[in-house]
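Colleague: Compact mmCIF, C-alpha atoms, file input_13.txt:
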# COMPACT_ATOMS: atom_id res chain seq x y z
CA MET X 1 124.01 191.72 110.56
CA SER X 2 121.09 189.41 110.62
CA ASP X 3 117.63 190.91 110.85
CA THR X 4 116.21 187.83 112.67
CA THR X 5 115.92 187.41 116.42
CA PRO X 6 118.33 184.78 117.67
CA HIS X 7 116.76 181.67 119.28
CA SER X 8 117.65 180.67 122.78
CA ALA X 9 120.05 177.84 123.06
CA HIS X 10 117.72 176.05 125.54
CA PRO X 11 113.89 175.73 125.39
CA PRO X 12 111.97 177.54 128.12
CA THR X 13 111.40 175.42 131.21
CA GLU X 14 107.93 174.66 132.62
CA SER X 15 106.69 176.49 135.68
CA ASN X 16 107.89 175.06 138.92
CA GLU X 17 104.60 175.87 140.69
CA SER X 18 103.47 172.89 142.81
CA LYS X 19 100.34 170.95 141.83
CA PRO X 20 97.63 170.29 144.47
CA GLU X 21 97.98 166.86 146.03
CA LYS X 22 95.17 164.34 145.75
CA PRO X 23 93.45 163.56 149.08
CA GLY X 24 94.65 160.34 150.69
CA PHE X 25 92.43 157.29 151.16
CA PHE X 26 91.78 158.16 154.81
CA SER X 27 91.29 161.85 154.15
CA PHE X 28 88.46 163.94 155.55
CA GLU X 29 87.03 164.44 152.04
CA ASN X 30 86.73 160.69 151.45
CA PHE X 31 85.12 160.08 154.82
CA ARG X 32 82.68 162.91 154.20
CA SER X 33 81.68 161.47 150.81
CA LEU X 34 81.27 158.02 152.35
CA GLY X 35 79.12 159.49 155.13
CA VAL X 36 76.84 161.22 152.62
CA LEU X 37 76.49 157.97 150.64
CA VAL X 38 75.56 156.01 153.77
CA ILE X 39 72.95 158.58 154.75
CA VAL X 40 71.42 158.52 151.27
CA ILE X 41 71.25 154.70 151.30
CA PHE X 42 69.58 154.57 154.71
CA ALA X 43 67.19 157.39 153.80
CA PHE X 44 66.23 155.46 150.65
CA ARG X 45 65.60 152.30 152.67
CA TRP X 46 63.56 154.20 155.26
CA SER X 47 61.28 156.06 152.86
CA VAL X 48 61.29 154.27 149.49
CA ILE X 49 62.04 150.54 149.42
CA SER X 50 63.64 148.05 151.78
CA PRO X 51 64.45 144.31 152.10
CA TYR X 52 63.08 142.18 154.95
CA HIS X 53 63.90 138.70 156.24
CA VAL X 54 61.08 136.34 157.24
CA PRO X 55 62.04 134.04 160.16
CA THR X 56 58.60 132.59 161.07
CA ALA X 57 56.01 130.31 159.44
CA SER X 58 52.93 132.49 160.11
CA MET X 59 52.46 133.47 156.44
CA GLU X 60 53.24 130.10 154.87
CA PRO X 61 52.82 129.00 152.17
CA SER X 62 52.45 132.49 150.64
CA ILE X 63 55.66 133.63 152.36
CA LYS X 64 58.05 130.91 153.48
CA VAL X 65 60.61 130.78 156.26
CA GLY X 66 63.86 132.08 154.78
CA ASP X 67 62.27 134.34 152.17
CA ARG X 68 63.94 137.74 151.72
CA LEU X 69 61.20 140.19 150.80
CA LEU X 70 61.21 143.53 149.06
CA ALA X 71 58.76 145.99 150.61
CA LEU X 72 57.64 149.22 148.94
CA LYS X 73 57.62 151.99 151.55
CA LEU X 74 55.95 154.33 149.04
CA ALA X 75 52.91 152.09 148.64
CA TYR X 76 50.69 154.32 150.75
CA ASP X 77 52.62 157.43 151.76
CA LEU X 78 55.93 159.29 151.92
CA LYS X 79 57.63 159.71 155.29
CA ILE X 80 60.46 162.03 156.23
CA PRO X 81 63.55 159.78 156.45
CA PHE X 82 64.33 158.50 159.96
CA THR X 83 60.95 159.70 161.31
CA GLU X 84 57.34 158.53 161.23
CA PHE X 85 56.12 161.94 160.03
CA LYS X 86 54.16 161.67 156.78
CA LEU X 87 54.78 164.29 154.12
CA LEU X 88 52.15 162.91 151.71
CA THR X 89 49.51 160.19 151.82
CA TRP X 90 47.96 158.78 148.65
CA GLY X 91 46.45 155.50 149.74
CA GLN X 92 45.71 153.00 152.50
CA PRO X 93 46.10 149.23 152.81
CA GLU X 94 43.29 147.26 151.20
CA ARG X 95 41.94 143.80 151.91
CA GLY X 96 44.33 141.23 150.51
CA ASP X 97 47.45 143.41 150.77
CA ILE X 98 50.46 141.85 152.49
CA ILE X 99 51.91 144.59 154.68
CA VAL X 100 55.01 145.17 156.78
CA PHE X 101 54.16 146.92 160.04
CA ARG X 102 55.39 147.62 163.53
CA TYR X 103 54.15 145.02 166.00
CA PRO X 104 51.62 146.84 168.25
CA LYS X 105 52.88 145.10 171.40
CA ASP X 106 56.51 145.98 170.65
CA PRO X 107 56.95 148.63 167.93
CA SER X 108 60.66 147.86 167.67
CA ILE X 109 59.76 144.59 165.90
CA ASP X 110 58.45 144.39 162.33
CA TYR X 111 55.75 141.88 161.36
CA VAL X 112 54.38 140.73 158.00
CA LYS X 113 50.71 139.72 157.67
CA ARG X 114 47.77 139.92 155.27
CA VAL X 115 45.12 142.62 155.64
CA ILE X 116 41.68 141.04 155.87
CA GLY X 117 39.78 144.01 157.32
CA VAL X 118 39.82 147.80 157.01
CA ALA X 119 38.16 150.50 159.12
CA GLY X 120 34.49 149.73 159.77
CA ASP X 121 34.64 146.08 158.64
CA ARG X 122 32.94 143.47 160.79
CA ILE X 123 35.11 140.36 161.20
CA ARG X 124 34.26 136.91 162.51
CA MET X 125 35.20 133.26 161.97
CA GLU X 126 32.86 130.28 162.09
CA ASP X 127 34.29 126.78 161.84
CA HIS X 128 37.55 128.35 160.55
CA ILE X 129 35.68 130.15 157.74
CA LEU X 130 36.25 133.89 157.48
CA TYR X 131 33.27 136.25 157.31
CA ILE X 132 33.61 139.94 156.43
CA ASN X 133 30.60 142.19 156.86
CA GLY X 134 28.41 139.11 157.01
CA SER X 135 29.76 137.67 153.73
CA LYS X 136 31.43 134.26 153.71
CA GLN X 137 34.86 134.31 152.06
CA GLU X 138 34.76 131.26 149.85
CA ARG X 139 37.70 128.89 149.68
CA SER X 140 38.40 125.80 147.62
CA ASP X 141 40.23 122.64 148.66
CA HIS X 142 43.65 122.35 146.99
CA ASN X 143 44.91 119.11 148.55
CA PHE X 144 44.94 117.49 145.09
CA ASP X 145 48.18 119.44 144.48
CA ARG X 146 50.30 120.08 147.58
CA THR X 147 53.52 120.91 145.73
CA ILE X 148 53.79 124.33 147.37
CA LEU X 149 54.07 122.65 150.80
CA GLU X 150 57.07 120.47 149.91
CA ASP X 151 59.74 122.88 151.23
CA ILE X 152 58.12 124.08 154.46
CA ASP X 153 59.00 122.69 157.90
CA ASP X 154 55.83 123.58 159.81
CA ARG X 155 54.49 119.99 159.80
CA PRO X 156 53.01 120.10 156.29
CA ASN X 157 51.51 116.62 156.76
CA THR X 158 49.21 118.07 159.47
CA LYS X 159 47.87 120.85 157.21
CA ASN X 160 45.01 121.17 154.78
CA LEU X 161 45.65 123.44 151.79
CA PHE X 162 43.11 125.91 150.42
CA ARG X 163 42.73 128.78 147.98
CA GLU X 164 40.72 131.54 149.63
CA ASN X 165 38.92 134.29 147.74
CA LEU X 166 39.26 137.40 149.91
CA THR X 167 36.83 139.90 148.36
CA GLY X 168 38.34 139.23 144.95
CA THR X 169 41.95 138.50 145.99
CA GLU X 170 42.72 134.78 145.74
CA HIS X 171 45.55 133.51 147.96
CA TRP X 172 46.86 130.46 149.80
CA VAL X 173 45.63 129.40 153.24
CA ILE X 174 46.71 126.40 155.31
CA GLN X 175 44.76 125.08 158.27
CA ASN X 176 45.50 122.32 160.76
CA LYS X 177 43.63 119.09 160.13
CA SER X 178 40.86 118.43 162.62
CA THR X 179 42.91 115.73 164.38
CA PHE X 180 45.66 118.23 165.30
CA HIS X 181 45.63 121.00 167.87
CA SER X 182 44.77 124.46 166.56
CA PHE X 183 46.60 127.57 167.74
CA ILE X 184 43.31 129.46 167.99
CA SER X 185 39.65 128.50 168.33
CA GLU X 186 37.77 127.53 165.15
CA ASP X 187 35.24 130.21 166.07
CA TRP X 188 36.36 133.80 166.64
CA PRO X 189 35.48 135.90 168.57
CA VAL X 190 34.70 133.12 171.02
CA ASP X 191 31.62 134.93 172.40
CA GLY X 192 29.92 134.74 169.01
CA THR X 193 30.03 138.47 168.31
CA GLU X 194 31.81 140.33 165.51
CA TYR X 195 34.96 142.44 165.75
CA VAL X 196 34.58 145.91 164.26
CA VAL X 197 37.82 147.34 162.90
CA PRO X 198 38.39 150.81 164.45
CA GLN X 199 39.02 153.92 162.39
CA ASP X 200 42.58 154.54 161.15
CA SER X 201 43.38 150.84 161.58
CA VAL X 202 43.52 147.52 159.77
CA PHE X 203 42.94 143.92 160.86
CA VAL X 204 45.59 141.37 159.86
CA ILE X 205 45.83 137.57 159.89
CA GLY X 206 48.52 135.12 158.83
CA ASP X 207 47.83 132.71 155.96
CA ASN X 208 49.02 129.86 158.22
CA ARG X 209 45.81 130.26 160.17
CA ASP X 210 46.59 127.94 163.09
CA ASN X 211 50.18 129.06 163.55
CA SER X 212 49.94 132.85 163.51
CA THR X 213 49.85 135.38 166.31
CA ASP X 214 47.89 138.21 164.73
CA SER X 215 44.96 140.60 165.17
CA ARG X 216 42.88 137.76 166.63
CA ALA X 217 45.29 137.84 169.58
CA TRP X 218 46.29 141.52 169.90
CA GLY X 219 43.72 143.46 167.88
CA LYS X 220 44.10 146.32 165.43
CA VAL X 221 47.17 147.64 163.62
CA PRO X 222 47.15 151.47 163.54
CA LEU X 223 47.73 152.88 160.08
CA SER X 224 50.59 154.90 161.54
CA TYR X 225 52.38 151.58 162.23
CA VAL X 226 52.26 150.42 158.60
CA ARG X 227 55.69 150.57 156.97
CA GLY X 228 54.75 149.48 153.46
CA GLU X 229 53.53 146.69 151.21
CA ALA X 230 55.46 143.47 150.63
CA LEU X 231 55.79 143.14 146.86
CA MET X 232 58.05 140.23 145.99
CA VAL X 233 60.60 137.66 147.13
CA LEU X 234 64.14 138.73 146.30
CA TRP X 235 65.65 135.33 147.14
CA SER X 236 65.02 132.45 149.50
CA MET X 237 67.13 129.99 151.48
CA TYR X 238 66.18 127.52 154.19
CA GLY X 239 67.65 124.74 156.30
CA HIS X 240 66.61 121.29 155.11
CA GLU X 241 66.26 118.55 157.73
CA ASP X 242 68.18 116.07 155.55
CA SER X 243 71.19 118.32 155.03
CA SER X 244 73.59 120.33 157.18
CA LEU X 245 73.84 122.90 154.39
CA PRO X 246 71.11 125.41 153.55
CA SER X 247 69.01 124.88 150.45
CA ILE X 248 68.23 127.62 147.95
CA ARG X 249 64.71 127.95 146.58
CA TRP X 250 65.56 129.04 143.03
CA ASN X 251 61.90 129.16 142.05
CA ARG X 252 61.26 131.82 144.70
CA PHE X 253 63.65 134.37 143.16
CA GLY X 254 61.53 137.28 141.91
CA HIS X 255 58.28 135.63 143.06
CA ILE X 256 55.46 138.22 143.15
CA LEU X 257 53.42 138.11 146.36
CA ARG X 258 49.64 137.90 146.29
Spit out the file's structure as structure tokens when you get a sec.
Modeller:
Amino acid sequence: MSDTTPHSAHPPTESNESKPEKPGFFSFENFRSLGVLVIVIFAFRWSVISPYHVPTASMEPSIKVGDRLLALKLAYDLKIPFTEFKLLTWGQPERGDIIVFRYPKDPSIDYVKRVIGVAGDRIRMEDHILYINGSKQERSDHNFDRTILEDIDDRPNTKNLFRENLTGTEHWVIQNKSTFHSFISEDWPVDGTEYVVPQDSVFVIGDNRDNSTDSRAWGKVPLSYVRGEALMVLWSMYGHEDSSLPSIRWNRFGHILR
């Protein structure tokens, strides 16, 4: 008699317990995950950073028609996503900043302009020259090199090109030549007084001075309407008059705004 335990003729079979099935493509779990992802993306765009499309010429040549901008929503404060309620505030727009804000006449529309006055500043224009708190903002003629105007459609041949020094921030400005009609009077306010920027507000103007509806027309921008600061051009494309196909401005990709 053998003292060993006999082996089974057949190896033991695996358990027949059923494995959990993977959720299908259209399952509730997948839709829930997708919903969470969408909410996170929109919350990020609302409170942190967001792209914007520029359809008008009011900020040319600094920002051109067809530019796709990247705006930092955290430039001045942190808002609760999908609301205008501020959790934290660590700064305010300064002169020279290019900001994205809700249009005061229709808050459902976003505008992009340059801040040229903050609360308490006294603003006026004489012969198209900007004065802030009585100080003339110097600008230099740049018509010796008009390269930056080559790909704009707002009648570049009717514009004079300048570099303006806005309290230390140098930027482009274009102005209609004297032989062409100006959108706004060369002197502002027209009664010869100064405009005082109210508290909790900023005063904004487009760099295309004679083709911009801005604070000269509708006044202050409340700080609560400011969405963020425009930082850079992501990419840019425009329709060229000599072609039925859009043209890409490769040199605008990643262009830092000033």
Colleague: Quick one: residues within 10 Å of Lys159 of chain X, only C-alpha atoms, excluding same-chain residues fewer than 3 positions away - as a count of residues only?
Modeller: 16
Colleague: What gap, in Å, lies between atom CA of Ile205 of chain X and atom CA of Val48 of chain X?
Modeller: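 Atom-to-atom, atom CA of Ile205 of chain X to atom CA of Val48 of chain X, that is 25.0 Å.
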Colleague: Hey, which bits of segment 108-203 of chain X sit within 12 Å of segment 71-81 of chain X, and for each residue what's the closest pair of atoms and how far apart in Å (one decimal), counting all atoms listed in the file, rows by chain and increasing number, as a tab-separated table?
Modeller:
residue	atom	partner	partner_atom	distance
X:Asp110	CA	X:Ala71	CA	11.8
X:Tyr111	CA	X:Ala71	CA	11.9
X:Val112	CA	X:Ala71	CA	10.1
Colleague: Once you have the residues from the selection above, write them out as a JSON list (two decimals), in the frame of the given file, restricted to C-alpha atoms.
Modeller:
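This went into selection.json:
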[["chain", "number", "residue", "atom", "x", "y", "z"],
["X", 110, "ASP", "CA", 58.45, 144.39, 162.33],
["X", 111, "TYR", "CA", 55.75, 141.88, 161.36],
["X", 112, "VAL", "CA", 54.38, 140.73, 158.00]]
Colleague: Using all atoms listed in the file, which of the listed residues (X:Val54, X:Leu88, X:Val65, X:Val190) sits closest to Asp151 of chain X?
Modeller: X:Val65
Colleague: Would you mind telling me which residue in X:Tyr103, X:Phe253, X:Tyr52, X:Phe85 lies nearest to Trp218 of chain X when using all atoms listed in the file?
Modeller: X:Tyr103
Colleague: Could the residues of segment 158-181 of chain X that have an atom at most 9 Å from segment 118-137 of chain X be listed as JSON lines, each with its closest atom pair and the distance in Å to one decimal, counting only C-alpha atoms and ordered by chain and ascending residue number?
Modeller:
{"residue": "X:Glu164", "atom": "CA", "partner": "X:Gln137", "partner_atom": "CA", "distance": 6.9}
{"residue": "X:Asn165", "atom": "CA", "partner": "X:Gln137", "partner_atom": "CA", "distance": 5.9}
{"residue": "X:Leu166", "atom": "CA", "partner": "X:Gln137", "partner_atom": "CA", "distance": 5.8}
{"residue": "X:Thr167", "atom": "CA", "partner": "X:Gln137", "partner_atom": "CA", "distance": 7.0}
{"residue": "X:Gln175", "atom": "CA", "partner": "X:His128", "partner_atom": "CA", "distance": 8.2}
Colleague: Tell me, in Å to one decimal, how far atom CA of Phe101 of chain X is from atom CA of Ser140 of chain X.
Modeller: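 Spanning atom CA of Phe101 of chain X to atom CA of Ser140 of chain X is a straight-line distance of 29.1 Å.
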